[in-house]
Amino acid sequence: MELQPGQNFSITKHSPAPAAVNIVLSWEPAGTPLILDSSAFALNTQGKVRSDGDFIFYNQLTLPGGGIQRAEDGRMFTVTFAKLPPGVERIIIALTIDQGQQRSQSFGQLSQVRADIRNASHQASLATFPLTTKMMPETALIVGEFYLRNNEWKFRAVGQGFVGGLEPLARQYGVDVADDSAAAPVSPASPATPPRPAAAPSPPATPAKPVQLEKITLEKKGSSISLEKKSQGFEDLVINLNWNQGSGGGKGFFGRLTGGRKIDLDLGCLFKLRDGRAGAVQALGNSFGSLQQPPYIQLMGDDRSGASAQGEFLHINGRQWEQLDRVVIFALIYEGAPNWAETDAVVTIQTPGQPTLEIRLDSHRNDQRMCALAMLENERGNIKVTKLVEYFLDHRFLDEAYGFGLRWVAGSKD
Amino acid sequence: MAISLQKGQNVSLSKQAPGLKKVRFGLGWDLRKTDGSDFDLDASAFVLDGNGKVLSDQHFVFYNNAKDPSGAVVHKGDNRTGEGEGDDEVIEIELASMMPNAAKVSFVVTIHDAEARKQNFGQVANAYIRALNADGDQEIARYDLSEDASTETAMIFGELYRHNDEWKFKAIGQGYAGGLAAVAKDFGVNLG
């Protein structure tokens, strides 16, 4: 059965009635740069949590007393109806984008979110809910809800967005989330932002963390609930390169200069692991890397036109940061522009616990198509970020300058 | 205890509510809490002849036409968002004032602009329509739109009809494609 938004079906009346169901969440494209978090809210008849323990999310994987279990990776919830505490009559399943507001991300960047409801005992499908999310401007999505009606458990496909992300959503259901540290100074993100020395490793007790890059801190005074992710390593480091299509149409001043070709810029990095292995992650030679395996760095797609509003993303798995020794992030003019001043390229580097580094590439030299943007170094487990902005002729010179010692041959993306 | 209507069932109002003079039809839904356009549900009544057509265009009682010519059928106003407690929209019918040629009254619930807003009853929290005895507010029958008409955008809730000098109510519960305009047209209203 395929559900439309608004549609409901009876789980209890299903024959045989499942004692427990799995709801499996997935989305397209699977390799999205968005970081999605799933949550469940166990609600009473008034539509509120009985206590903060009824909020199941990345820091709390089970409902106290049982009945709801979130998979570690957040892709699945298991609901065991008979084990639910009395008073729980509704379970909201929601997805939120981590730091979506700050990163100007939204569900509109996905094409589809999908929920599969299965009988937990043998995985037989009960229903699927494919939701088209294009055009959705929100950073929170209520996927669906399990609810008790006339002694019967039902599931309703909801598919409605919620502005503001996880925090206001949790508040809406009565979770006692304290204000984030609104009083903390916000340092302006300007191109001149100097590199900051490495922050302390982020134990929860660290006071006065810089505001900009934090996981929205929602620590409640004197209580343990926090939306801050547990620090097993760091959150992912996200590097974005964006530029204007500019001369794409071949019209106008720039069009003539560039022969009407589309500008194609590449984002990449040279890396060195703690075990000594070194290499490059870049579109050239299709070395896209991997987040789950060494080098724990992955290039998310290759935008050849600049038409994608978000540009290119390089992710570094923060939980595996300890495996890395150092990384030099670079950008490269693959084709379509003789120099950086014509690309309107902007790079942002988001490092957990540190201000966003924003770099505008504006060199007018026609012989330096490559730019080393920043150096990330592992200093006793911390991330030290140094802004570089040094222009080079090609990979070889860049490599030499930073001593990775790789062997270089000509490459192409085609 | 009010009857939760099943499609096709009918109830004799004179048996359910002896001495019934005025029937109140209440439509309710909850305020939207998620993002997106508000939900705007509308209740309408069509005063029909024996052939199922409106007695006149003025016998289509809705948000732009608050009364039928006899004054028996009165729309109490349009609530645009579902804000406030209790019934959000109410239509009242004074049975004794009904024109002799009025054989039945059909009640329709529609979601305003449902197509453009991509909305259906299932997306509206706690949407219902119910019939009450206006004297004492005793609920006679109820239909939960969110549950039973979840993928519809327009529904003929039911009809009030004469049967051997008594008034009966029948649950129709039938979804209707095309919204209020299509329903009105089928009931013989000349839409401008």
# chains A, B, ... in the order shown; residues from 1 in each chain; ligands from 1
>>> interface_residues(of="chain B", to="chain A", cutoff="10 Å", atoms="only C-alpha atoms", output="list in words")
Lys33, Thr34, Asp35, Gly36, Lys118, Gln119, Asn120, Phe121, Gly122, Gln123, Val124, Ala125, Ser146, Glu147, Asp148, Ala149, Ser150, Thr151 and Glu152 of chain B
>>> residues_around(residues="Ala131 of chain B", least_positions_apart="5", cutoff="7 Å", atoms="only C-alpha atoms", output="tab-separated table (two decimals) with N, CA and C atoms, in the first residue's frame")
chain	number	residue	atom	x	y	z
B	23	VAL	N	-32.03	22.16	13.89
B	23	VAL	CA	-30.83	21.32	13.79
B	23	VAL	C	-29.63	22.22	13.56
B	24	ARG	N	-28.59	21.97	14.27
B	24	ARG	CA	-27.35	22.73	14.07
B	24	ARG	C	-26.30	21.79	13.51
B	25	PHE	N	-25.69	22.22	12.42
B	25	PHE	CA	-24.58	21.45	11.86
B	25	PHE	C	-23.29	22.18	12.17
B	26	GLY	N	-22.44	21.53	12.88
B	26	GLY	CA	-21.18	22.15	13.27
B	26	GLY	C	-20.00	21.49	12.57
B	139	GLU	N	-25.63	16.19	20.75
B	139	GLU	CA	-25.09	15.74	19.47
B	139	GLU	C	-25.88	14.54	18.96
B	140	ILE	N	-26.29	14.61	17.70
B	140	ILE	CA	-27.09	13.52	17.14
B	140	ILE	C	-26.21	12.59	16.31
B	141	ALA	N	-25.37	13.17	15.52
B	141	ALA	CA	-24.52	12.35	14.66
B	141	ALA	C	-23.23	13.10	14.37
B	142	ARG	N	-22.19	12.33	14.07
B	142	ARG	CA	-20.86	12.93	13.86
B	142	ARG	C	-20.11	12.15	12.78
>>> residues_around(residues="segment 55-66 of chain B", least_positions_apart="3", cutoff="6 Å", atoms="only C-alpha atoms", output="number ranges by chain")
B: 44-49, 74-75, 78, 189
>>> write_last_selection(atoms="C-alpha atoms", output="mmCIF file, in the first residue's frame")
data_model
loop_
_atom_site.group_PDB
_atom_site.id
_atom_site.type_symbol
_atom_site.label_atom_id
_atom_site.label_comp_id
_atom_site.auth_asym_id
_atom_site.auth_seq_id
_atom_site.Cartn_x
_atom_site.Cartn_y
_atom_site.Cartn_z
ATOM 1 C CA SER B 44 -22.375 24.576 2.717
ATOM 2 C CA ALA B 45 -26.012 23.567 2.533
ATOM 3 C CA PHE B 46 -28.080 22.970 -0.579
ATOM 4 C CA VAL B 47 -31.860 23.160 -0.248
ATOM 5 C CA LEU B 48 -33.106 20.724 -2.885
ATOM 6 C CA ASP B 49 -36.339 19.744 -4.565
ATOM 7 C CA VAL B 74 -28.691 30.120 8.151
ATOM 8 C CA HIS B 75 -24.920 30.060 7.799
ATOM 9 C CA ASP B 78 -16.898 31.693 7.933
ATOM 10 C CA VAL B 189 -26.582 26.015 -9.162
#
>>> select_by_dssp(residues="segment 4-169 of chain B", states="strand (DSSP E)", output="MDAnalysis selection string")
chainID B and resid 4 10:12 22:28 41:48 60:61 73:75 89:94 104:111 128:133 138:144 154:163 166:169
>>> write_last_selection(atoms="C-alpha atoms", output="tab-separated table (two decimals), in the first residue's frame")
chain	number	residue	atom	x	y	z
B	4	SER	CA	-20.71	7.90	14.82
B	10	ASN	CA	-29.82	6.95	8.32
B	11	VAL	CA	-31.30	8.09	11.57
B	12	SER	CA	-34.72	9.39	12.29
B	22	LYS	CA	-33.78	23.36	15.05
B	23	VAL	CA	-30.83	21.32	13.79
B	24	ARG	CA	-27.35	22.73	14.07
B	25	PHE	CA	-24.58	21.45	11.86
B	26	GLY	CA	-21.18	22.15	13.27
B	27	LEU	CA	-17.91	21.84	11.43
B	28	GLY	CA	-14.63	21.91	13.27
B	41	LEU	CA	-12.76	24.27	5.66
B	42	ASP	CA	-16.16	25.40	4.49
B	43	ALA	CA	-19.59	24.04	5.24
B	44	SER	CA	-22.37	24.58	2.72
B	45	ALA	CA	-26.01	23.57	2.53
B	46	PHE	CA	-28.08	22.97	-0.58
B	47	VAL	CA	-31.86	23.16	-0.25
B	48	LEU	CA	-33.11	20.72	-2.88
B	60	PHE	CA	-27.24	27.36	-2.03
B	61	VAL	CA	-26.25	28.56	1.42
B	73	VAL	CA	-31.27	27.77	6.67
B	74	VAL	CA	-28.69	30.12	8.15
B	75	HIS	CA	-24.92	30.06	7.80
B	89	GLU	CA	-18.50	26.91	11.27
B	90	VAL	CA	-22.18	26.45	11.96
B	91	ILE	CA	-25.26	26.11	9.79
B	92	GLU	CA	-28.62	26.10	11.54
B	93	ILE	CA	-31.92	24.85	10.17
B	94	GLU	CA	-35.30	25.80	11.55
B	104	LYS	CA	-34.05	17.70	1.39
B	105	VAL	CA	-30.98	19.62	2.41
B	106	SER	CA	-27.53	18.34	1.52
B	107	PHE	CA	-24.50	19.27	3.60
B	108	VAL	CA	-21.16	19.56	1.96
B	109	VAL	CA	-17.73	20.12	3.46
B	110	THR	CA	-14.95	21.39	1.24
B	111	ILE	CA	-11.39	22.50	1.77
B	128	TYR	CA	-15.25	16.66	11.83
B	129	ILE	CA	-18.80	17.59	11.06
B	130	ARG	CA	-21.64	16.89	13.44
B	131	ALA	CA	-25.38	17.38	13.72
B	132	LEU	CA	-26.85	18.64	16.98
B	133	ASN	CA	-30.19	19.45	18.43
B	138	GLN	CA	-27.24	17.34	22.15
B	139	GLU	CA	-25.09	15.74	19.47
B	140	ILE	CA	-27.09	13.52	17.14
B	141	ALA	CA	-24.52	12.35	14.66
B	142	ARG	CA	-20.86	12.93	13.86
B	143	TYR	CA	-18.47	12.23	11.06
B	144	ASP	CA	-14.72	12.34	11.54
B	154	ALA	CA	-14.71	17.68	-0.68
B	155	MET	CA	-17.37	15.50	0.82
B	156	ILE	CA	-21.12	15.27	0.92
B	157	PHE	CA	-21.49	14.73	4.62
B	158	GLY	CA	-25.13	13.86	4.69
B	159	GLU	CA	-28.64	14.90	3.92
B	160	LEU	CA	-31.62	15.96	5.90
B	161	TYR	CA	-34.82	14.80	4.22
B	162	ARG	CA	-38.57	14.57	4.70
B	163	HIS	CA	-40.02	11.15	5.18
B	166	GLU	CA	-40.79	13.50	9.76
B	167	TRP	CA	-37.21	14.60	9.19
B	168	LYS	CA	-34.51	12.04	8.82
B	169	PHE	CA	-30.79	12.34	8.43
